[in-house]
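Next comes input.pdb, with PDB, C-alpha atoms, pLDDT in the B column.
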```
ATOM      1  CA  MET A 621     -17.636   6.338 -24.084  1.00 93.00           C
ATOM      2  CA  THR A 622     -14.504   5.831 -21.970  1.00 98.00           C
ATOM      3  CA  ILE A 623     -12.154   2.849 -22.359  1.00 98.00           C
ATOM      4  CA  PHE A 624     -13.360   1.614 -18.964  1.00 98.00           C
ATOM      5  CA  LYS A 625     -17.000   1.566 -20.078  1.00 98.00           C
ATOM      6  CA  LYS A 626     -15.906  -0.477 -23.094  1.00 98.00           C
ATOM      7  CA  ILE A 627     -14.120  -2.900 -20.748  1.00 98.00           C
ATOM      8  CA  ILE A 628     -17.294  -3.164 -18.626  1.00 98.00           C
ATOM      9  CA  ASN A 629     -19.260  -3.866 -21.829  1.00 98.00           C
ATOM     10  CA  LYS A 630     -16.664  -6.495 -22.843  1.00 98.00           C
ATOM     11  CA  GLU A 631     -16.090  -4.552 -26.084  1.00 98.00           C
ATOM     12  CA  VAL A 632     -12.416  -4.121 -25.181  1.00 97.00           C
ATOM     13  CA  PRO A 633     -10.456  -7.002 -23.630  1.00 98.00           C
ATOM     14  CA  ALA A 634      -8.887  -6.706 -20.180  1.00 98.00           C
ATOM     15  CA  ASP A 635      -7.243  -9.065 -17.729  1.00 98.00           C
ATOM     16  CA  ILE A 636     -10.191  -9.186 -15.326  1.00 98.00           C
ATOM     17  CA  VAL A 637      -9.413 -10.404 -11.808  1.00 98.00           C
ATOM     18  CA  TYR A 638     -12.819  -9.771 -10.186  1.00 98.00           C
ATOM     19  CA  GLU A 639     -16.329  -8.860 -11.269  1.00 98.00           C
ATOM     20  CA  ASP A 640     -19.731  -8.570  -9.645  1.00 98.00           C
ATOM     21  CA  GLU A 641     -22.969  -6.691 -10.243  1.00 98.00           C
ATOM     22  CA  PHE A 642     -21.536  -3.337  -9.149  1.00 98.00           C
ATOM     23  CA  CYS A 643     -17.827  -3.348  -9.920  1.00 98.00           C
ATOM     24  CA  MET A 644     -14.987  -4.832 -11.908  1.00 98.00           C
ATOM     25  CA  ALA A 645     -11.240  -5.193 -11.262  1.00 99.00           C
ATOM     26  CA  PHE A 646      -8.614  -5.694 -13.967  1.00 98.00           C
ATOM     27  CA  LYS A 647      -4.861  -5.334 -14.430  1.00 98.00           C
ATOM     28  CA  ASP A 648      -3.450  -1.894 -15.297  1.00 98.00           C
ATOM     29  CA  ILE A 649      -1.866  -2.038 -18.762  1.00 97.00           C
ATOM     30  CA  HIS A 650       0.994   0.223 -17.565  1.00 98.00           C
ATOM     31  CA  PRO A 651       1.839  -1.400 -14.211  1.00 98.00           C
ATOM     32  CA  LYS A 652       3.882   0.651 -11.726  1.00 98.00           C
ATOM     33  CA  ALA A 653       4.380  -2.195  -9.252  1.00 98.00           C
ATOM     34  CA  PRO A 654       4.601  -6.019  -9.475  1.00 98.00           C
ATOM     35  CA  THR A 655       0.856  -6.064  -8.816  1.00 98.00           C
ATOM     36  CA  HIS A 656      -1.156  -3.131 -10.203  1.00 99.00           C
ATOM     37  CA  VAL A 657      -4.888  -3.561 -10.572  1.00 99.00           C
ATOM     38  CA  LEU A 658      -7.723  -1.082 -11.079  1.00 99.00           C
ATOM     39  CA  ILE A 659     -11.130  -1.498  -9.476  1.00 99.00           C
ATOM     40  CA  ILE A 660     -13.987   0.515 -10.950  1.00 99.00           C
ATOM     41  CA  PRO A 661     -17.715   0.923 -10.362  1.00 98.00           C
ATOM     42  CA  LYS A 662     -19.943  -0.198 -13.232  1.00 98.00           C
ATOM     43  CA  LYS A 663     -21.892   3.038 -12.707  1.00 98.00           C
ATOM     44  CA  GLU A 664     -20.320   5.784 -14.796  1.00 98.00           C
ATOM     45  CA  ILE A 665     -19.107   8.242 -12.146  1.00 98.00           C
ATOM     46  CA  PRO A 666     -16.444  10.510 -13.741  1.00 98.00           C
ATOM     47  CA  SER A 667     -14.376  11.080 -10.591  1.00 98.00           C
ATOM     48  CA  MET A 668     -14.524  11.673  -6.835  1.00 98.00           C
ATOM     49  CA  ALA A 669     -15.393  15.280  -7.699  1.00 98.00           C
ATOM     50  CA  GLU A 670     -18.764  14.063  -9.009  1.00 98.00           C
ATOM     51  CA  VAL A 671     -19.793  11.590  -6.293  1.00 98.00           C
ATOM     52  CA  ALA A 672     -23.143  12.259  -4.633  1.00 98.00           C
ATOM     53  CA  PRO A 673     -24.568  11.089  -1.279  1.00 98.00           C
ATOM     54  CA  GLU A 674     -26.525   8.348  -3.091  1.00 98.00           C
ATOM     55  CA  ASP A 675     -23.201   6.818  -4.182  1.00 98.00           C
ATOM     56  CA  LYS A 676     -22.201   6.033  -0.586  1.00 98.00           C
ATOM     57  CA  GLU A 677     -23.070   2.331  -0.877  1.00 98.00           C
ATOM     58  CA  ILE A 678     -21.182   1.952  -4.167  1.00 98.00           C
ATOM     59  CA  LEU A 679     -18.130   3.670  -2.637  1.00 98.00           C
ATOM     60  CA  GLY A 680     -18.218   1.413   0.408  1.00 98.00           C
ATOM     61  CA  HIS A 681     -18.603  -1.625  -1.828  1.00 98.00           C
ATOM     62  CA  LEU A 682     -15.624  -0.520  -3.944  1.00 98.00           C
ATOM     63  CA  LEU A 683     -13.287  -0.154  -0.953  1.00 98.00           C
ATOM     64  CA  LEU A 684     -14.458  -3.420   0.597  1.00 98.00           C
ATOM     65  CA  LYS A 685     -13.906  -5.250  -2.683  1.00 98.00           C
ATOM     66  CA  ALA A 686     -10.544  -3.502  -3.184  1.00 99.00           C
ATOM     67  CA  ALA A 687      -9.439  -5.091   0.115  1.00 98.00           C
ATOM     68  CA  GLU A 688     -10.809  -8.487  -0.945  1.00 98.00           C
ATOM     69  CA  VAL A 689      -9.122  -8.302  -4.365  1.00 98.00           C
ATOM     70  CA  ALA A 690      -5.832  -7.292  -2.689  1.00 99.00           C
ATOM     71  CA  GLU A 691      -6.114 -10.365  -0.462  1.00 98.00           C
ATOM     72  CA  GLN A 692      -6.984 -12.590  -3.439  1.00 98.00           C
ATOM     73  CA  LEU A 693      -3.845 -11.277  -5.198  1.00 98.00           C
ATOM     74  CA  GLY A 694      -1.668 -12.184  -2.198  1.00 98.00           C
ATOM     75  CA  LEU A 695      -1.050  -8.610  -1.032  1.00 98.00           C
ATOM     76  CA  LYS A 696      -2.743  -8.696   2.379  1.00 98.00           C
ATOM     77  CA  GLU A 697       0.128  -9.895   4.580  1.00 98.00           C
ATOM     78  CA  LYS A 698       2.850  -7.520   3.384  1.00 98.00           C
ATOM     79  CA  GLY A 699       0.462  -4.717   2.476  1.00 99.00           C
ATOM     80  CA  TYR A 700      -0.364  -2.448  -0.424  1.00 99.00           C
ATOM     81  CA  ARG A 701      -1.411   1.070  -1.427  1.00 99.00           C
ATOM     82  CA  LEU A 702      -4.770   2.281  -2.758  1.00 99.00           C
ATOM     83  CA  VAL A 703      -4.751   5.462  -4.858  1.00 99.00           C
ATOM     84  CA  ILE A 704      -7.636   7.461  -6.293  1.00 99.00           C
ATOM     85  CA  ASN A 705      -6.665  10.225  -8.712  1.00 99.00           C
ATOM     86  CA  THR A 706      -9.100  13.077  -9.209  1.00 98.00           C
ATOM     87  CA  ARG A 707      -8.909  15.461 -12.156  1.00 98.00           C
ATOM     88  CA  GLN A 708      -5.751  17.313 -13.297  1.00 98.00           C
ATOM     89  CA  HIS A 709      -3.716  17.678 -10.093  1.00 98.00           C
ATOM     90  CA  GLY A 710      -4.514  14.081  -9.201  1.00 98.00           C
ATOM     91  CA  GLY A 711      -3.181  12.900 -12.540  1.00 98.00           C
ATOM     92  CA  GLN A 712      -6.457  11.226 -13.504  1.00 98.00           C
ATOM     93  CA  GLU A 713      -6.258   9.866 -17.053  1.00 97.00           C
ATOM     94  CA  VAL A 714      -9.638   8.190 -17.618  1.00 98.00           C
ATOM     95  CA  PRO A 715     -12.788  10.109 -16.563  1.00 98.00           C
ATOM     96  CA  HIS A 716     -14.387   7.068 -14.924  1.00 98.00           C
ATOM     97  CA  LEU A 717     -13.789   6.698 -11.168  1.00 98.00           C
ATOM     98  CA  HIS A 718     -11.138   4.045 -10.431  1.00 98.00           C
ATOM     99  CA  ILE A 719      -9.047   2.894  -7.487  1.00 99.00           C
ATOM    100  CA  HIS A 720      -5.462   1.797  -8.140  1.00 99.00           C
ATOM    101  CA  ILE A 721      -4.322  -1.193  -6.063  1.00 99.00           C
ATOM    102  CA  LEU A 722      -0.503  -1.326  -5.970  1.00 99.00           C
ATOM    103  CA  GLY A 723       1.611  -3.941  -4.214  1.00 98.00           C
ATOM    104  CA  GLY A 724       4.385  -6.489  -4.452  1.00 98.00           C
ATOM    105  CA  ARG A 725       7.077  -4.005  -3.429  1.00 98.00           C
ATOM    106  CA  PRO A 726       7.505  -1.301  -0.764  1.00 98.00           C
ATOM    107  CA  LEU A 727       5.772   1.877  -1.989  1.00 98.00           C
ATOM    108  CA  LYS A 728       7.768   5.068  -1.432  1.00 98.00           C
ATOM    109  CA  TRP A 729       6.728   8.338   0.235  1.00 98.00           C
ATOM    110  CA  PRO A 730       5.556  10.875  -0.796  1.00 98.00           C
ATOM    111  CA  PRO A 731       2.998   9.230  -3.054  1.00 98.00           C
ATOM    112  CA  GLY A 732       3.776  11.363  -6.076  1.00 98.00           C
TER
ATOM    113  CA  MET B 114      -3.809   3.512  22.043  1.00 93.00           C
ATOM    114  CA  THR B 115      -2.725   5.083  18.722  1.00 98.00           C
ATOM    115  CA  ILE B 116      -2.045   8.774  18.266  1.00 98.00           C
ATOM    116  CA  PHE B 117      -5.189   8.960  16.080  1.00 98.00           C
ATOM    117  CA  LYS B 118      -7.385   7.582  18.860  1.00 98.00           C
ATOM    118  CA  LYS B 119      -5.931  10.233  21.143  1.00 98.00           C
ATOM    119  CA  ILE B 120      -6.803  12.890  18.550  1.00 98.00           C
ATOM    120  CA  ILE B 121     -10.357  11.509  18.364  1.00 98.00           C
ATOM    121  CA  ASN B 122     -10.548  11.684  22.160  1.00 98.00           C
ATOM    122  CA  LYS B 123      -9.200  15.276  22.056  1.00 98.00           C
ATOM    123  CA  GLU B 124      -6.330  14.182  24.315  1.00 98.00           C
ATOM    124  CA  VAL B 125      -3.833  15.268  21.652  1.00 97.00           C
ATOM    125  CA  PRO B 126      -4.377  18.494  19.687  1.00 98.00           C
ATOM    126  CA  ALA B 127      -4.794  18.474  15.910  1.00 98.00           C
ATOM    127  CA  ASP B 128      -5.775  20.996  13.277  1.00 98.00           C
ATOM    128  CA  ILE B 129      -9.242  19.550  12.704  1.00 98.00           C
ATOM    129  CA  VAL B 130     -10.949  20.565   9.437  1.00 98.00           C
ATOM    130  CA  TYR B 131     -14.039  18.320   9.679  1.00 98.00           C
ATOM    131  CA  GLU B 132     -15.751  16.137  12.250  1.00 98.00           C
ATOM    132  CA  ASP B 133     -19.011  14.203  12.513  1.00 98.00           C
ATOM    133  CA  GLU B 134     -20.330  11.198  14.417  1.00 98.00           C
ATOM    134  CA  PHE B 135     -18.354   8.687  12.356  1.00 98.00           C
ATOM    135  CA  CYS B 136     -15.180  10.386  11.167  1.00 98.00           C
ATOM    136  CA  MET B 137     -12.688  13.178  11.640  1.00 98.00           C
ATOM    137  CA  ALA B 138     -10.355  15.039   9.256  1.00 99.00           C
ATOM    138  CA  PHE B 139      -7.237  16.931  10.323  1.00 99.00           C
ATOM    139  CA  LYS B 140      -4.033  18.291   8.799  1.00 98.00           C
ATOM    140  CA  ASP B 141      -1.057  15.915   8.407  1.00 98.00           C
ATOM    141  CA  ILE B 142       1.804  17.135  10.612  1.00 97.00           C
ATOM    142  CA  HIS B 143       4.331  16.200   7.886  1.00 98.00           C
ATOM    143  CA  PRO B 144       2.585  17.620   4.783  1.00 98.00           C
ATOM    144  CA  LYS B 145       3.757  16.351   1.383  1.00 98.00           C
ATOM    145  CA  ALA B 146       1.680  18.821  -0.648  1.00 98.00           C
ATOM    146  CA  PRO B 147       0.331  22.372  -0.094  1.00 98.00           C
ATOM    147  CA  THR B 148      -2.840  20.720   1.221  1.00 98.00           C
ATOM    148  CA  HIS B 149      -2.409  17.418   3.056  1.00 99.00           C
ATOM    149  CA  VAL B 150      -5.213  16.226   5.285  1.00 98.00           C
ATOM    150  CA  LEU B 151      -6.034  12.846   6.834  1.00 99.00           C
ATOM    151  CA  ILE B 152      -9.566  11.565   7.219  1.00 99.00           C
ATOM    152  CA  ILE B 153     -10.113   8.709   9.651  1.00 99.00           C
ATOM    153  CA  PRO B 154     -13.044   6.663  10.961  1.00 98.00           C
ATOM    154  CA  LYS B 155     -13.756   7.066  14.671  1.00 98.00           C
ATOM    155  CA  LYS B 156     -14.103   3.278  14.801  1.00 98.00           C
ATOM    156  CA  GLU B 157     -10.690   1.748  15.472  1.00 98.00           C
ATOM    157  CA  ILE B 158     -10.058  -0.261  12.284  1.00 98.00           C
ATOM    158  CA  PRO B 159      -6.284  -0.947  12.066  1.00 98.00           C
ATOM    159  CA  SER B 160      -6.063  -0.955   8.257  1.00 98.00           C
ATOM    160  CA  MET B 161      -7.807  -2.004   5.028  1.00 98.00           C
ATOM    161  CA  ALA B 162      -6.468  -5.505   5.757  1.00 98.00           C
ATOM    162  CA  GLU B 163      -8.870  -5.713   8.717  1.00 98.00           C
ATOM    163  CA  VAL B 164     -12.056  -4.261   7.202  1.00 98.00           C
ATOM    164  CA  ALA B 165     -15.124  -6.506   7.386  1.00 98.00           C
ATOM    165  CA  PRO B 166     -18.375  -6.478   5.356  1.00 98.00           C
ATOM    166  CA  GLU B 167     -20.126  -4.649   8.224  1.00 98.00           C
ATOM    167  CA  ASP B 168     -17.717  -1.715   7.692  1.00 98.00           C
ATOM    168  CA  LYS B 169     -19.112  -1.017   4.203  1.00 98.00           C
ATOM    169  CA  GLU B 170     -21.207   1.962   5.344  1.00 98.00           C
ATOM    170  CA  ILE B 171     -18.298   3.502   7.273  1.00 98.00           C
ATOM    171  CA  LEU B 172     -16.032   3.094   4.222  1.00 98.00           C
ATOM    172  CA  GLY B 173     -18.598   4.704   1.920  1.00 98.00           C
ATOM    173  CA  HIS B 174     -19.064   7.534   4.401  1.00 98.00           C
ATOM    174  CA  LEU B 175     -15.280   8.075   4.597  1.00 98.00           C
ATOM    175  CA  LEU B 176     -14.870   8.390   0.812  1.00 98.00           C
ATOM    176  CA  LEU B 177     -17.936  10.613   0.476  1.00 98.00           C
ATOM    177  CA  LYS B 178     -16.668  12.905   3.229  1.00 98.00           C
ATOM    178  CA  ALA B 179     -13.137  12.846   1.762  1.00 99.00           C
ATOM    179  CA  ALA B 180     -14.641  14.329  -1.414  1.00 98.00           C
ATOM    180  CA  GLU B 181     -16.592  16.915   0.604  1.00 98.00           C
ATOM    181  CA  VAL B 182     -13.535  17.884   2.650  1.00 98.00           C
ATOM    182  CA  ALA B 183     -11.464  18.199  -0.537  1.00 99.00           C
ATOM    183  CA  GLU B 184     -14.109  20.558  -1.931  1.00 98.00           C
ATOM    184  CA  GLN B 185     -14.229  22.527   1.333  1.00 98.00           C
ATOM    185  CA  LEU B 186     -10.426  22.910   1.116  1.00 98.00           C
ATOM    186  CA  GLY B 187     -10.682  24.300  -2.429  1.00 98.00           C
ATOM    187  CA  LEU B 188      -9.261  21.218  -4.186  1.00 98.00           C
ATOM    188  CA  LYS B 189     -12.265  20.158  -6.256  1.00 98.00           C
ATOM    189  CA  GLU B 190     -11.727  22.172  -9.417  1.00 98.00           C
ATOM    190  CA  LYS B 191      -8.059  21.370 -10.057  1.00 98.00           C
ATOM    191  CA  GLY B 192      -8.213  17.969  -8.429  1.00 99.00           C
ATOM    192  CA  TYR B 193      -6.399  15.930  -5.795  1.00 99.00           C
ATOM    193  CA  ARG B 194      -5.173  12.459  -4.855  1.00 99.00           C
ATOM    194  CA  LEU B 195      -6.519  10.098  -2.187  1.00 99.00           C
ATOM    195  CA  VAL B 196      -4.091   7.515  -0.795  1.00 99.00           C
ATOM    196  CA  ILE B 197      -4.692   4.662   1.645  1.00 99.00           C
ATOM    197  CA  ASN B 198      -1.557   2.893   2.892  1.00 99.00           C
ATOM    198  CA  THR B 199      -1.918  -0.639   4.184  1.00 98.00           C
ATOM    199  CA  ARG B 200       0.728  -2.327   6.323  1.00 98.00           C
ATOM    200  CA  GLN B 201       4.449  -2.473   5.523  1.00 98.00           C
ATOM    201  CA  HIS B 202       4.537  -2.331   1.715  1.00 98.00           C
ATOM    202  CA  GLY B 203       1.945   0.435   1.763  1.00 98.00           C
ATOM    203  CA  GLY B 204       4.124   2.480   4.113  1.00 98.00           C
ATOM    204  CA  GLN B 205       1.427   2.682   6.775  1.00 98.00           C
ATOM    205  CA  GLU B 206       2.755   4.419   9.893  1.00 97.00           C
ATOM    206  CA  VAL B 207      -0.224   4.518  12.252  1.00 98.00           C
ATOM    207  CA  PRO B 208      -2.305   1.333  12.696  1.00 98.00           C
ATOM    208  CA  HIS B 209      -5.623   3.180  12.456  1.00 98.00           C
ATOM    209  CA  LEU B 210      -7.212   3.296   8.995  1.00 98.00           C
ATOM    210  CA  HIS B 211      -6.730   6.708   7.354  1.00 98.00           C
ATOM    211  CA  ILE B 212      -7.123   8.293   3.930  1.00 99.00           C
ATOM    212  CA  HIS B 213      -4.572  10.882   2.828  1.00 99.00           C
ATOM    213  CA  ILE B 214      -6.022  13.804   0.842  1.00 99.00           C
ATOM    214  CA  LEU B 215      -3.250  15.545  -1.121  1.00 99.00           C
ATOM    215  CA  GLY B 216      -3.662  18.566  -3.361  1.00 98.00           C
ATOM    216  CA  GLY B 217      -2.557  22.090  -4.240  1.00 98.00           C
ATOM    217  CA  ARG B 218       0.045  20.886  -6.752  1.00 98.00           C
ATOM    218  CA  PRO B 219       0.177  18.322  -9.577  1.00 98.00           C
ATOM    219  CA  LEU B 220       0.860  14.902  -8.060  1.00 98.00           C
ATOM    220  CA  LYS B 221       3.450  12.821  -9.934  1.00 98.00           C
ATOM    221  CA  TRP B 222       3.224   9.267 -11.248  1.00 98.00           C
ATOM    222  CA  PRO B 223       3.954   6.585 -10.085  1.00 98.00           C
ATOM    223  CA  PRO B 224       2.446   7.245  -6.659  1.00 98.00           C
ATOM    224  CA  GLY B 225       5.464   6.047  -4.703  1.00 98.00           C
TER
END
```
File written out as structure tokens:
Amino acid sequence: MTIFKKIINKEVPADIVYEDEFCMAFKDIHPKAPTHVLIIPKKEIPSMAEVAPEDKEILGHLLLKAAEVAEQLGLKEKGYRLVINTRQHGGQEVPHLHIHILGGRPLKWPPG
Amino acid sequence: MTIFKKIINKEVPADIVYEDEFCMAFKDIHPKAPTHVLIIPKKEIPSMAEVAPEDKEILGHLLLKAAEVAEQLGLKEKGYRLVINTRQHGGQEVPHLHIHILGGRPLKWPPG
């Protein structure tokens, strides 16, 4: 079981900023920007490499809620960056799909 | 009219790698990785800051097709990074929602 599944199950504490039936958002424990939150589906999808057509609604929900959480965190006006790491080259560390929401400072280019 | 709308309209050439009724993917003209492609909705949504609940299906479609395009480009096994820049702090350059697909090398952390 991944650390994220344990957070979903409330077996491991996290600083949760949003939760609904399908997803959860919480603060990254190693923040790389003044605001750094992760939003994850409650369904255990390992990464973007494993998404299937039936996940389309969950993926749309995740992005829509990522935008809402960013607004809730005060990032909408100045902007922010969403990042999804997939497998080794992406630098993915937990094999449970997650979107990084980073803001509170100008993000540089290239993105890694 | 943004440069991306002109690409959608085929008024400006682009190296298109995927296209369907709802989205288009083409190579970034300033690549930051061996593979660097943008996938955009044909609907003119300026950024994630302007998405509305009715865009959920388009957003899900975009992410699903981003994964398919990444696989088509040979990035699935080793992995890749998806990046969505929003407004100034995100470093967004064209006010038409787009997802960067970067791969072909290990992406560093933090992502900008």
Just fit chain B onto chain A on all the Cα atoms, in order, by least squares, and give it as a compact mmCIF listing (two decimals) with C-alpha atoms, keeping the file's coordinate frame.
```
# COMPACT_ATOMS: atom_id res chain seq x y z
CA MET B 114 -17.65 6.36 -24.09
CA THR B 115 -14.50 5.82 -21.98
CA ILE B 116 -12.18 2.87 -22.37
CA PHE B 117 -13.37 1.62 -18.95
CA LYS B 118 -17.00 1.57 -20.07
CA LYS B 119 -15.91 -0.46 -23.08
CA ILE B 120 -14.13 -2.89 -20.74
CA ILE B 121 -17.31 -3.16 -18.64
CA ASN B 122 -19.27 -3.86 -21.82
CA LYS B 123 -16.66 -6.49 -22.85
CA GLU B 124 -16.10 -4.55 -26.08
CA VAL B 125 -12.42 -4.12 -25.18
CA PRO B 126 -10.47 -7.00 -23.61
CA ALA B 127 -8.90 -6.70 -20.16
CA ASP B 128 -7.24 -9.05 -17.72
CA ILE B 129 -10.19 -9.18 -15.32
CA VAL B 130 -9.40 -10.42 -11.79
CA TYR B 131 -12.81 -9.77 -10.18
CA GLU B 132 -16.32 -8.87 -11.27
CA ASP B 133 -19.74 -8.57 -9.63
CA GLU B 134 -22.97 -6.68 -10.24
CA PHE B 135 -21.54 -3.33 -9.15
CA CYS B 136 -17.82 -3.34 -9.92
CA MET B 137 -14.99 -4.83 -11.91
CA ALA B 138 -11.24 -5.20 -11.26
CA PHE B 139 -8.61 -5.68 -13.96
CA LYS B 140 -4.86 -5.34 -14.42
CA ASP B 141 -3.44 -1.88 -15.28
CA ILE B 142 -1.87 -2.02 -18.75
CA HIS B 143 0.99 0.24 -17.56
CA PRO B 144 1.84 -1.40 -14.20
CA LYS B 145 3.87 0.66 -11.72
CA ALA B 146 4.38 -2.20 -9.24
CA PRO B 147 4.62 -6.02 -9.47
CA THR B 148 0.87 -6.07 -8.82
CA HIS B 149 -1.14 -3.15 -10.20
CA VAL B 150 -4.88 -3.56 -10.57
CA LEU B 151 -7.72 -1.08 -11.07
CA ILE B 152 -11.12 -1.50 -9.48
CA ILE B 153 -13.98 0.52 -10.95
CA PRO B 154 -17.71 0.93 -10.36
CA LYS B 155 -19.93 -0.19 -13.23
CA LYS B 156 -21.88 3.03 -12.71
CA GLU B 157 -20.31 5.79 -14.80
CA ILE B 158 -19.10 8.25 -12.14
CA PRO B 159 -16.45 10.51 -13.75
CA SER B 160 -14.38 11.08 -10.60
CA MET B 161 -14.54 11.66 -6.83
CA ALA B 162 -15.40 15.28 -7.69
CA GLU B 163 -18.77 14.07 -9.01
CA VAL B 164 -19.79 11.59 -6.29
CA ALA B 165 -23.15 12.26 -4.65
CA PRO B 166 -24.57 11.09 -1.28
CA GLU B 167 -26.54 8.35 -3.09
CA ASP B 168 -23.20 6.82 -4.20
CA LYS B 169 -22.21 6.03 -0.59
CA GLU B 170 -23.07 2.32 -0.89
CA ILE B 171 -21.18 1.96 -4.19
CA LEU B 172 -18.13 3.67 -2.65
CA GLY B 173 -18.22 1.41 0.41
CA HIS B 174 -18.59 -1.63 -1.83
CA LEU B 175 -15.61 -0.51 -3.96
CA LEU B 176 -13.28 -0.15 -0.95
CA LEU B 177 -14.46 -3.42 0.60
CA LYS B 178 -13.90 -5.26 -2.68
CA ALA B 179 -10.53 -3.51 -3.18
CA ALA B 180 -9.44 -5.09 0.12
CA GLU B 181 -10.81 -8.49 -0.95
CA VAL B 182 -9.11 -8.30 -4.35
CA ALA B 183 -5.83 -7.30 -2.69
CA GLU B 184 -6.11 -10.37 -0.46
CA GLN B 185 -6.98 -12.59 -3.44
CA LEU B 186 -3.85 -11.27 -5.20
CA GLY B 187 -1.67 -12.19 -2.21
CA LEU B 188 -1.05 -8.61 -1.03
CA LYS B 189 -2.73 -8.69 2.37
CA GLU B 190 0.11 -9.88 4.57
CA LYS B 191 2.85 -7.51 3.38
CA GLY B 192 0.46 -4.73 2.48
CA TYR B 193 -0.37 -2.45 -0.44
CA ARG B 194 -1.41 1.07 -1.43
CA LEU B 195 -4.76 2.28 -2.76
CA VAL B 196 -4.74 5.46 -4.85
CA ILE B 197 -7.64 7.45 -6.29
CA ASN B 198 -6.66 10.23 -8.71
CA THR B 199 -9.10 13.08 -9.21
CA ARG B 200 -8.90 15.46 -12.16
CA GLN B 201 -5.76 17.29 -13.32
CA HIS B 202 -3.73 17.66 -10.11
CA GLY B 203 -4.52 14.07 -9.19
CA GLY B 204 -3.18 12.89 -12.55
CA GLN B 205 -6.45 11.22 -13.51
CA GLU B 206 -6.26 9.86 -17.06
CA VAL B 207 -9.63 8.20 -17.61
CA PRO B 208 -12.79 10.10 -16.56
CA HIS B 209 -14.37 7.05 -14.92
CA LEU B 210 -13.79 6.69 -11.17
CA HIS B 211 -11.14 4.05 -10.42
CA ILE B 212 -9.05 2.88 -7.48
CA HIS B 213 -5.47 1.79 -8.13
CA ILE B 214 -4.31 -1.20 -6.06
CA LEU B 215 -0.50 -1.33 -5.97
CA GLY B 216 1.61 -3.93 -4.21
CA GLY B 217 4.39 -6.50 -4.44
CA ARG B 218 7.09 -4.00 -3.44
CA PRO B 219 7.50 -1.30 -0.77
CA LEU B 220 5.78 1.87 -1.99
CA LYS B 221 7.77 5.07 -1.43
CA TRP B 222 6.73 8.32 0.25
CA PRO B 223 5.55 10.89 -0.79
CA PRO B 224 2.99 9.23 -3.05
CA GLY B 225 3.77 11.35 -6.09
```
Original post:
What lies within 12 Å of Pro666 in chain A using all atoms listed in the file, ignoring chain neighbours under 5 positions off, as a list of chain:residue names?
Top reply: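 So the residues in contact are A:Met621, A:Thr622, A:Phe624, A:Lys625, A:Ile660, A:Pro661, A:Val671, A:Ala672, A:Ile704, A:Asn705, A:Thr706, A:Arg707, A:Gln712, A:Glu713, A:Val714, A:Pro715, A:His716, A:Leu717, A:His718.
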Original post:
Just how far from CA of Glu170 in chain B is CA of Ile627 in chain A, in Å to one decimal?
Top reply: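 That distance, rounded to one decimal, is 27.5 Å.
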**OP:** Using all atoms listed in the file, find all polymer residues with an atom at most 9 Å away from the point (-11.0, -2.9, -20.0); report them as a ChimeraX atom specification.
**Re:** /A:623-636,646-648
Subject >> Picked residues, the ChimeraX specification (/A :<8) & /B, as a ChimeraX atom specification >> reply: /B:145,161-162,164-166,168-174,176-177,180,184,189-204,216-225
Subject >> One-decimal distance in Å that lies between CA of Glu132 in chain B and CA of Pro147 in chain B >> reply: 21.2 Å
**OP:** May I ask for the distance between CA of His656 in chain A and CA of Leu693 in chain A, given in Å to one decimal place?
**Re:** 9.9 Å
Subject >> the PyMOL selection byres ((chain B and resi 155) around 6) applied to the shown file, residues as a ChimeraX atom specification >> reply: /B:135-136,154,156
Box centre and edge lengths (Å, one decimal), axis-aligned, range 134-148 of chain B plus 3 Å each side, as AutoDock Vina command-line options:
```
--center_x -8.0 --center_y 15.5 --center_z 6.9 --size_x 30.7 --size_y 19.7 --size_z 21.1
```
